[in-house]
$ cat data_30.cif   # mmCIF, C-alpha atoms
data_input
loop_
_atom_site.label_atom_id
_atom_site.label_comp_id
_atom_site.auth_asym_id
_atom_site.auth_seq_id
_atom_site.Cartn_x
_atom_site.Cartn_y
_atom_site.Cartn_z
CA MET A 1 113.55 92.29 40.08
CA LYS A 2 116.12 90.11 41.82
CA LYS A 3 114.77 86.83 43.16
CA ILE A 4 115.57 85.98 46.78
CA ASN A 5 116.94 82.49 47.26
CA MET A 6 115.76 80.77 50.43
CA PRO A 7 116.38 77.24 51.74
CA TYR A 8 113.51 74.96 50.78
CA GLU A 9 112.98 74.10 54.48
CA VAL A 10 112.06 77.74 55.14
CA LEU A 11 109.73 77.92 52.16
CA ILE A 12 107.92 74.72 53.12
CA GLY A 13 107.69 75.74 56.78
CA LEU A 14 106.13 79.12 55.86
CA ARG A 15 103.74 77.39 53.42
CA TYR A 16 102.56 74.93 56.06
CA LEU A 17 101.59 77.81 58.34
CA ARG A 18 99.15 79.05 55.68
CA ALA A 19 96.49 76.37 55.97
CA LYS A 20 94.40 75.27 53.03
CA ARG A 21 90.61 75.34 53.09
CA LYS A 22 90.30 71.82 54.51
CA GLN A 23 92.94 72.53 57.18
CA THR A 24 91.20 75.47 58.86
CA VAL A 25 91.36 73.79 62.27
CA ILE A 26 95.17 73.76 62.21
CA SER A 27 95.20 77.44 61.22
CA VAL A 28 92.91 78.32 64.14
CA ILE A 29 95.05 76.36 66.61
CA SER A 30 98.16 78.13 65.28
CA ALA A 31 96.47 81.49 65.85
CA ILE A 32 95.47 80.42 69.37
CA SER A 33 99.06 79.36 70.05
CA ILE A 34 100.36 82.74 68.88
CA ALA A 35 97.76 84.53 71.01
CA GLY A 36 98.69 82.41 74.05
CA VAL A 37 102.36 83.31 73.73
CA ALA A 38 101.47 86.98 73.18
CA VAL A 39 99.23 87.11 76.27
CA GLY A 40 101.89 85.43 78.41
CA VAL A 41 104.65 87.77 77.25
CA ALA A 42 102.47 90.87 77.65
CA ALA A 43 101.36 89.83 81.14
CA LEU A 44 104.94 89.18 82.19
CA ILE A 45 106.16 92.54 80.85
CA ILE A 46 103.31 94.40 82.57
CA VAL A 47 103.85 92.73 85.95
CA LEU A 48 107.62 93.24 85.85
CA ALA A 49 107.04 96.88 84.87
CA VAL A 50 104.74 97.35 87.87
CA MET A 51 107.26 95.77 90.25
CA THR A 52 110.09 97.85 88.78
CA GLY A 53 107.89 100.94 88.99
CA PHE A 54 107.19 100.32 92.66
CA GLU A 55 110.89 99.86 93.36
CA MET A 56 112.03 102.93 91.40
CA ASP A 57 109.26 105.19 92.68
CA LEU A 58 109.84 104.13 96.27
CA ARG A 59 113.59 104.61 95.89
CA ASN A 60 113.16 108.08 94.38
CA LYS A 61 110.80 109.17 97.14
CA ILE A 62 113.08 107.82 99.87
CA LEU A 63 116.14 109.50 98.38
CA GLY A 64 114.17 112.70 97.75
CA THR A 65 113.62 113.07 101.48
CA ASN A 66 116.68 111.29 102.84
CA SER A 67 120.36 111.47 101.97
CA HIS A 68 122.37 108.73 100.27
CA ILE A 69 124.67 108.18 103.27
CA VAL A 70 124.36 109.10 106.95
CA VAL A 71 127.37 109.59 109.25
CA GLN A 72 126.84 109.31 113.04
CA GLU A 73 128.80 108.57 116.17
CA TYR A 74 128.50 105.28 118.04
CA HIS A 75 127.45 107.02 121.26
CA ALA A 76 124.20 108.98 121.55
CA GLN A 77 125.67 112.39 122.43
CA GLY A 78 126.04 113.45 118.81
CA ILE A 79 128.79 115.19 116.82
CA GLU A 80 130.34 118.41 118.11
CA ASP A 81 132.99 119.42 115.59
CA TYR A 82 130.83 118.67 112.59
CA ALA A 83 132.19 121.46 110.37
CA SER A 84 135.69 119.93 110.18
CA LEU A 85 134.15 116.48 109.78
CA MET A 86 132.15 117.68 106.77
CA THR A 87 135.37 119.02 105.20
CA LYS A 88 136.94 115.55 105.43
CA ILE A 89 133.81 113.89 104.06
CA ASN A 90 133.60 116.23 101.06
CA GLN A 91 137.15 115.25 100.07
CA VAL A 92 136.24 111.57 99.67
CA PRO A 93 135.98 110.62 95.95
CA GLY A 94 132.36 110.33 94.81
CA VAL A 95 130.94 112.70 97.47
CA ARG A 96 129.09 115.74 96.10
CA SER A 97 127.98 117.52 99.27
CA SER A 98 127.12 117.09 102.94
CA ALA A 99 124.91 118.74 105.56
CA PRO A 100 124.39 118.47 109.33
CA PHE A 101 121.06 117.38 110.80
CA ILE A 102 119.32 116.82 114.13
CA TYR A 103 116.85 114.01 114.60
CA GLY A 104 114.40 113.58 117.48
CA GLN A 105 110.83 112.81 118.46
CA ILE A 106 108.35 115.41 119.69
CA MET A 107 104.67 115.92 120.41
CA LEU A 108 103.02 118.56 118.24
CA THR A 109 99.83 120.17 119.58
CA SER A 110 97.42 122.49 117.80
CA SER A 111 94.17 124.04 118.97
CA SER A 112 92.21 121.03 117.69
CA ASN A 113 94.49 118.00 117.90
CA ALA A 114 97.88 116.54 118.85
CA SER A 115 100.28 114.15 117.15
CA GLY A 116 103.61 112.49 117.87
CA LEU A 117 106.14 112.77 115.07
CA VAL A 118 109.80 112.94 114.05
CA LEU A 119 111.43 116.35 114.00
CA ARG A 120 114.47 117.08 111.84
CA GLY A 121 116.64 120.12 112.38
CA ILE A 122 118.39 121.28 109.20
CA ASP A 123 120.45 124.09 107.73
CA PHE A 124 118.39 125.01 104.67
CA GLN A 125 121.28 126.31 102.58
CA GLN A 126 123.21 123.08 103.06
CA GLU A 127 120.19 120.76 103.08
CA LYS A 128 119.08 121.75 99.58
CA GLN A 129 122.45 120.50 98.30
CA VAL A 130 121.82 117.05 99.78
CA THR A 131 118.07 116.26 99.42
CA ASP A 132 115.14 117.37 97.25
CA LEU A 133 113.15 118.76 100.16
CA ALA A 134 112.92 122.23 98.58
CA LYS A 135 111.30 120.70 95.46
CA ASN A 136 108.58 119.07 97.59
CA ILE A 137 107.25 122.35 99.02
CA ILE A 138 103.65 122.94 97.93
CA GLN A 139 102.88 125.96 100.17
CA GLY A 140 105.04 128.59 101.81
CA ASP A 141 108.82 128.96 101.63
CA LEU A 142 111.38 126.71 103.30
CA ARG A 143 113.86 129.59 103.53
CA HIS A 144 111.79 131.05 106.36
CA LEU A 145 112.88 128.23 108.68
CA ASP A 146 115.89 130.32 109.64
CA SER A 147 113.75 133.41 110.33
CA THR A 148 112.38 134.46 113.72
CA HIS A 149 108.75 135.54 113.62
CA LYS A 150 107.20 137.85 116.19
CA ASP A 151 103.62 138.05 117.36
CA ASP A 152 101.70 139.73 120.19
CA SER A 153 102.20 136.92 122.69
CA SER A 154 105.82 135.92 122.09
CA PRO A 155 109.00 137.86 121.36
CA GLY A 156 110.20 135.32 118.78
CA ILE A 157 108.85 132.15 117.15
CA ALA A 158 110.95 129.85 114.93
CA GLY A 159 109.63 128.50 111.61
CA MET A 160 108.50 124.92 110.93
CA ALA A 161 107.68 122.92 107.79
CA VAL A 162 105.20 120.05 108.05
CA GLY A 163 103.90 117.36 105.69
CA ASN A 164 100.58 117.91 103.94
CA GLU A 165 98.96 114.88 105.62
CA LEU A 166 100.10 116.08 109.06
CA ALA A 167 98.78 119.56 108.28
CA ARG A 168 95.43 118.05 107.32
CA ASN A 169 95.26 115.94 110.49
CA LEU A 170 96.07 118.90 112.75
CA GLY A 171 94.11 121.48 110.76
CA LEU A 172 97.21 123.57 110.03
CA PHE A 173 97.81 126.28 107.44
CA VAL A 174 100.81 128.42 106.58
CA GLY A 175 101.02 131.16 109.20
CA ASP A 176 99.50 129.13 112.06
CA VAL A 177 101.36 128.88 115.39
CA ILE A 178 101.81 125.46 116.96
CA SER A 179 103.42 124.09 120.14
CA ALA A 180 106.14 121.42 120.20
CA ILE A 181 106.89 119.39 123.32
CA SER A 182 110.26 117.66 123.57
CA PRO A 183 110.94 114.58 125.77
CA VAL A 184 114.08 116.39 127.00
CA GLU A 185 113.41 117.54 130.57
CA ARG A 186 114.09 121.00 132.00
CA ILE A 187 114.14 122.23 135.57
CA THR A 188 111.29 124.56 136.62
CA PRO A 189 110.09 125.90 140.02
CA MET A 190 107.53 123.08 139.93
CA GLY A 191 110.19 120.41 139.27
CA LEU A 192 111.18 118.61 136.09
CA ALA A 193 109.07 119.37 133.01
CA PRO A 194 109.40 118.62 129.28
CA LYS A 195 110.93 121.27 127.03
CA PHE A 196 108.32 123.39 125.28
CA LEU A 197 108.68 125.70 122.23
CA ARG A 198 106.31 127.40 119.84
CA PHE A 199 106.72 127.36 116.06
CA LYS A 200 105.10 129.13 113.14
CA ILE A 201 104.15 127.05 110.09
CA VAL A 202 106.15 128.57 107.21
CA ALA A 203 105.89 125.74 104.66
CA ILE A 204 103.95 122.57 103.84
CA PHE A 205 105.63 119.82 101.82
CA SER A 206 104.48 116.72 99.97
CA SER A 207 107.08 113.97 99.48
CA GLY A 208 104.60 111.58 97.86
CA MET A 209 105.01 109.07 100.70
CA TYR A 210 102.19 108.98 103.20
CA GLU A 211 104.46 107.89 106.04
CA TYR A 212 106.77 110.89 105.64
CA ASP A 213 103.97 113.39 105.02
CA THR A 214 102.20 112.27 108.20
CA ASN A 215 105.08 111.84 110.64
CA LEU A 216 107.78 114.32 109.68
CA ALA A 217 108.44 118.01 110.32
CA TYR A 218 111.44 120.30 109.75
CA VAL A 219 112.84 123.22 111.75
CA SER A 220 116.11 125.12 111.60
CA LEU A 221 119.23 123.60 113.11
CA ARG A 222 119.38 126.26 115.85
CA ALA A 223 115.73 125.76 116.81
CA ALA A 224 116.19 121.99 117.09
CA GLN A 225 119.31 122.48 119.24
CA ARG A 226 117.28 124.68 121.62
CA LEU A 227 114.37 122.25 121.72
CA PHE A 228 116.56 119.21 122.46
CA ASN A 229 119.17 121.07 124.59
CA MET A 230 121.95 120.05 122.21
CA LYS A 231 123.91 123.36 122.24
CA ASN A 232 126.38 123.14 119.31
CA VAL A 233 125.91 119.40 118.72
CA VAL A 234 124.19 117.64 115.80
CA THR A 235 122.84 114.11 115.48
CA GLY A 236 124.75 113.34 112.30
CA ILE A 237 125.80 114.38 108.82
CA GLU A 238 123.90 113.68 105.60
CA VAL A 239 125.95 112.92 102.50
CA LYS A 240 124.99 113.12 98.83
CA ILE A 241 127.02 111.15 96.29
CA SER A 242 127.32 111.09 92.49
CA ASN A 243 126.26 107.47 91.91
CA ILE A 244 123.61 106.09 94.25
CA PHE A 245 124.51 102.50 93.35
CA GLN A 246 128.06 103.08 94.63
CA ALA A 247 126.73 104.10 98.06
CA GLY A 248 128.10 101.00 99.82
CA LYS A 249 131.64 101.50 98.54
CA ILE A 250 131.68 105.26 99.21
CA ALA A 251 130.26 104.69 102.71
CA ARG A 252 133.17 102.33 103.44
CA ASP A 253 135.62 104.91 102.10
CA ILE A 254 134.14 107.56 104.41
CA GLN A 255 134.29 105.10 107.31
CA ASN A 256 137.98 104.44 106.62
CA THR A 257 138.69 108.15 106.33
CA LEU A 258 136.97 109.13 109.59
CA GLY A 259 137.76 106.02 111.62
CA PHE A 260 136.37 105.30 115.08
CA PRO A 261 133.98 106.38 116.67
CA TYR A 262 132.08 107.29 113.50
CA LEU A 263 129.56 105.01 111.83
CA THR A 264 128.37 105.26 108.20
CA ARG A 265 125.21 103.76 106.74
CA ASP A 266 124.06 103.98 103.12
CA TRP A 267 120.49 104.13 101.82
CA MET A 268 120.53 100.49 100.62
CA GLU A 269 121.55 99.26 104.07
CA MET A 270 118.95 101.38 105.86
CA ASN A 271 116.15 100.13 103.56
CA LYS A 272 117.54 96.64 102.97
CA ASN A 273 114.47 94.70 104.10
CA LEU A 274 112.08 96.73 101.97
CA PHE A 275 114.02 96.48 98.71
CA SER A 276 114.91 92.82 99.31
CA ALA A 277 111.21 92.03 99.67
CA LEU A 278 110.43 93.86 96.42
CA LYS A 279 113.15 91.97 94.52
CA LEU A 280 111.98 88.62 95.91
CA GLU A 281 108.39 89.41 94.95
CA LYS A 282 109.51 90.41 91.45
CA LEU A 283 111.35 87.10 91.02
CA ALA A 284 108.35 85.14 92.29
CA MET A 285 106.00 86.91 89.88
CA PHE A 286 108.40 86.20 87.00
CA ILE A 287 108.44 82.48 87.80
CA ILE A 288 104.67 82.30 88.24
CA LEU A 289 103.84 84.14 85.02
CA VAL A 290 106.28 82.06 82.97
CA LEU A 291 103.70 79.32 83.51
CA ILE A 292 101.38 81.24 81.18
CA ILE A 293 103.98 80.94 78.43
CA LEU A 294 104.35 77.24 79.28
CA VAL A 295 100.61 76.78 78.72
CA ALA A 296 101.02 78.43 75.33
CA ALA A 297 103.92 76.05 74.65
CA PHE A 298 101.56 73.09 75.02
CA ASN A 299 99.37 74.71 72.35
CA ILE A 300 102.41 74.84 70.09
CA ILE A 301 103.05 71.14 70.72
CA SER A 302 99.45 70.23 69.89
CA THR A 303 99.55 72.38 66.75
CA LEU A 304 102.69 70.70 65.47
CA VAL A 305 101.48 67.21 66.35
CA MET A 306 98.28 67.77 64.37
CA MET A 307 100.29 69.25 61.54
CA VAL A 308 102.61 66.23 61.44
CA MET A 309 99.58 63.92 61.25
CA GLU A 310 98.04 66.06 58.50
CA LYS A 311 101.25 66.35 56.51
CA SER A 312 102.38 62.73 56.79
CA LYS A 313 101.86 62.22 53.04
CA ASP A 314 103.86 65.36 52.24
CA ILE A 315 106.65 64.26 54.57
CA ALA A 316 106.77 60.85 52.89
CA ILE A 317 106.95 62.46 49.42
CA LEU A 318 109.73 64.82 50.53
CA LYS A 319 111.73 61.93 51.93
CA SER A 320 111.21 59.86 48.79
CA MET A 321 112.56 62.83 46.81
CA GLY A 322 115.74 62.91 48.87
CA ALA A 323 114.89 65.15 51.87
CA THR A 324 116.85 64.11 54.94
CA SER A 325 115.46 63.57 58.42
CA ARG A 326 117.40 66.66 59.49
CA SER A 327 115.57 68.77 56.87
CA ILE A 328 112.18 67.52 58.04
CA LEU A 329 113.24 68.26 61.62
CA SER A 330 114.22 71.80 60.59
CA ILE A 331 110.88 72.44 58.85
CA PHE A 332 108.77 71.74 61.94
CA ILE A 333 111.17 73.40 64.38
CA LEU A 334 111.01 76.48 62.16
CA GLU A 335 107.19 76.44 62.28
CA GLY A 336 107.18 76.33 66.08
CA LEU A 337 109.80 79.07 66.29
CA ILE A 338 107.77 81.29 63.96
CA ILE A 339 104.71 80.84 66.18
CA GLY A 340 106.79 81.66 69.27
CA LEU A 341 108.56 84.60 67.62
CA VAL A 342 105.38 86.19 66.27
CA GLY A 343 103.65 85.72 69.64
CA THR A 344 106.66 87.20 71.46
CA ILE A 345 106.79 90.26 69.19
CA LEU A 346 103.04 90.87 69.53
CA GLY A 347 103.24 90.39 73.31
CA CYS A 348 106.18 92.80 73.64
CA CYS A 349 104.38 95.45 71.58
CA ALA A 350 101.11 95.03 73.49
CA GLY A 351 102.80 94.96 76.92
CA THR A 352 104.97 97.99 76.14
CA LEU A 353 102.00 99.98 74.83
CA ILE A 354 99.82 99.14 77.85
CA CYS A 355 102.61 100.09 80.27
CA TRP A 356 103.22 103.39 78.49
CA VAL A 357 99.53 104.35 78.46
CA PHE A 358 98.91 103.46 82.11
CA ASP A 359 102.09 105.13 83.34
CA THR A 360 101.65 108.30 81.27
CA PHE A 361 98.04 108.94 82.23
CA HIS A 362 98.14 107.46 85.78
CA LEU A 363 95.01 105.43 85.10
CA ILE A 364 95.20 103.21 88.21
CA LYS A 365 94.88 105.21 91.42
CA LEU A 366 96.00 103.86 94.80
CA ALA A 367 95.30 104.70 98.43
CA GLY A 368 98.39 106.60 99.58
CA ASP A 369 98.08 105.54 103.23
CA ILE A 370 98.32 101.87 102.20
CA TYR A 371 100.67 101.78 99.22
CA TYR A 372 102.81 104.90 99.96
CA ILE A 373 102.14 106.19 96.42
CA SER A 374 99.06 107.72 94.78
CA TYR A 375 99.03 105.77 91.49
CA LEU A 376 100.32 102.48 90.09
CA PRO A 377 103.65 103.10 88.31
CA PHE A 378 104.75 101.16 85.21
CA LYS A 379 108.52 101.38 84.58
CA MET A 380 109.92 99.19 81.83
CA LYS A 381 113.55 98.09 81.73
CA LEU A 382 115.23 96.86 78.57
CA LEU A 383 116.81 94.00 80.52
CA ASP A 384 113.40 92.76 81.71
CA ILE A 385 111.94 92.86 78.18
CA THR A 386 115.01 91.06 76.82
CA LEU A 387 114.81 88.32 79.46
CA VAL A 388 111.08 87.81 78.87
CA SER A 389 111.58 87.60 75.09
CA PHE A 390 114.48 85.19 75.47
CA ALA A 391 112.53 82.95 77.87
CA SER A 392 109.52 82.92 75.53
CA ILE A 393 111.57 81.96 72.46
CA VAL A 394 113.49 79.27 74.36
CA ILE A 395 110.25 77.73 75.67
CA SER A 396 108.77 77.84 72.16
CA PHE A 397 111.87 76.11 70.78
CA LEU A 398 111.73 73.37 73.42
CA ALA A 399 108.05 72.82 72.59
CA THR A 400 108.92 72.06 68.95
CA ILE A 401 111.51 69.35 69.62
CA TYR A 402 109.23 66.35 70.21
CA PRO A 403 106.77 66.92 67.30
CA ALA A 404 109.63 67.74 64.92
CA TRP A 405 111.53 64.64 66.00
CA GLN A 406 108.42 62.52 65.40
CA ALA A 407 108.08 64.00 61.91
CA SER A 408 111.72 63.32 61.08
CA LYS A 409 111.34 59.65 62.07
CA LEU A 410 108.31 59.07 59.80
CA ASP A 411 108.80 56.13 57.43
CA PRO A 412 107.99 57.23 53.83
CA VAL A 413 106.68 53.74 52.99
CA MET A 414 104.10 53.93 55.77
CA GLY A 415 103.13 57.43 54.68
CA LEU A 416 102.48 56.39 51.05
CA ARG A 417 101.10 52.86 51.61
CA TYR A 418 97.43 53.81 51.42
CA GLU A 419 97.75 56.62 48.89
#
$ encode --input "data_30.cif" --output "structure tokens"
Amino acid sequence: MKKINMPYEVLIGLRYLRAKRKQTVISVISAISIAGVAVGVAALIIVLAVMTGFEMDLRNKILGTNSHIVVQEYHAQGIEDYASLMTKINQVPGVRSSAPFIYGQIMLTSSSNASGLVLRGIDFQQEKQVTDLAKNIIQGDLRHLDSTHKDDSSPGIAGMAVGNELARNLGLFVGDVISAISPVERITPMGLAPKFLRFKIVAIFSSGMYEYDTNLAYVSLRAAQRLFNMKNVVTGIEVKISNIFQAGKIARDIQNTLGFPYLTRDWMEMNKNLFSALKLEKLAMFIILVLIILVAAFNIISTLVMMVMEKSKDIAILKSMGATSRSILSIFILEGLIIGLVGTILGCCAGTLICWVFDTFHLIKLAGDIYYISYLPFKMKLLDITLVSFASIVISFLATIYPAWQASKLDPVMGLRYE
């Protein structure tokens, strides 16, 4: 069997970590130092995974209900020739599809309750190419939005899709008929009155975000145009792109293609405050939890200081045999790095395992009306784990410098004087 040749500094450093019977205290402190680094690394990975999970889950839910880019006019009248505008938009590099939409506020009244909400008029065939609304349907069929339903009291009722929380608040089920009141006024024999239409609930959706599921409803484009007296006008055009992180650039390209009076806004711009707050909070948590690793670094310092005091005779003998100060320095730096490296590896394994278990089985439930999501997500990123590991090893290395330097400066005469 071939013998592996290793530098004597490595061999001595590894031997010093295995304490003898009379040096049990040093061994225990070394174990505590490793555990401290491991706990700090694991805590940092878990917290960063939670923050990343919040950001990713929130982004996916927002983009599942909303488009990547929205095109509107500067004035409030809306877009008339939207078909030709969509043709120009679809020719911009990076654009996958587009769809018209109408956006307005209404009052929805049922037999038991009433609620103000946002109404979106869509063309289902085009909308499903832009958002994931069709995937969020839990009851009914969104295709029935374009159908006209008849009953005994009305010659024709348009279809409507509502969020599951709104349906619960208003006591609605698929097949129920509900009244929608628009703020747009109409002239009647009694004077001006708000526009009024009846709708049949054809679908109930769940986006996973309490705010959307409580305050959002969908009808067909034609029904929304009748309700808001918009004739052949739409509020804007939704755009889906290939790379969501290129939304800013593609939005500028669309803006340059269309020119004035059109305005483009991407999903990052529309939700800038929310995602900026999440990133700032993630950075703050990173800085705060690095302090845990710093506490473990002080344990490493104390371990090495005690080890230098215990091994002063050994250091003196090594120097008298020809070992240089640089070799002694390397021995104790290596010991501290081994403690930091082992703690970092254990912390990464523990943090990764905990994140996987909690994210897979959704063990931590949340109140959807407060946190927008029903469970605490844990999403790990390789970059986050790499940064945490690098920070931990660097801090461990810095913690070894002073004790190792003290060991390298030890005078062999003083170390052997009383032996």
$ resolve_selection --input "data_30.cif" --expression "the PyMOL selection byres ((chain A and resi 270) around 12)" --output "ChimeraX atom specification"
/A:59,62-63,66-70,247-248,264-269,271-276
$ residues_around --input "data_30.cif" --residues "region 290-304 of chain A" --least-positions-apart "4" --cutoff "7 Å" --atoms "only C-alpha atoms" --output "list in words"
Ile26, Ile29, Ser30, Ser33, Gly36, Val37, Gly40, Val41, Phe286, Val308, Gly336, Ser392, Ile395, Ser396, Ala399, Thr400 and Pro403 of chain A
$ closest_residue --input "data_30.cif" --among "A:Leu289, A:Leu398, A:Ala284, A:Leu44" --to "Thr386 (chain A)" --atoms "all atoms listed in the file"
A:Leu44
$ atom_distance --input "data_30.cif" --atom1 "CA of Arg15 (chain A)" --atom2 "CA of Gly347 (chain A)"
23.8 Å
$ residues_around --input "data_30.cif" --residues "region 101-109 of chain A" --least-positions-apart "5" --cutoff "8 Å" --atoms "only C-alpha atoms" --output "PyMOL selection string"
chain A and resi 114-123+170+178-183+221+224-225+228+234-238
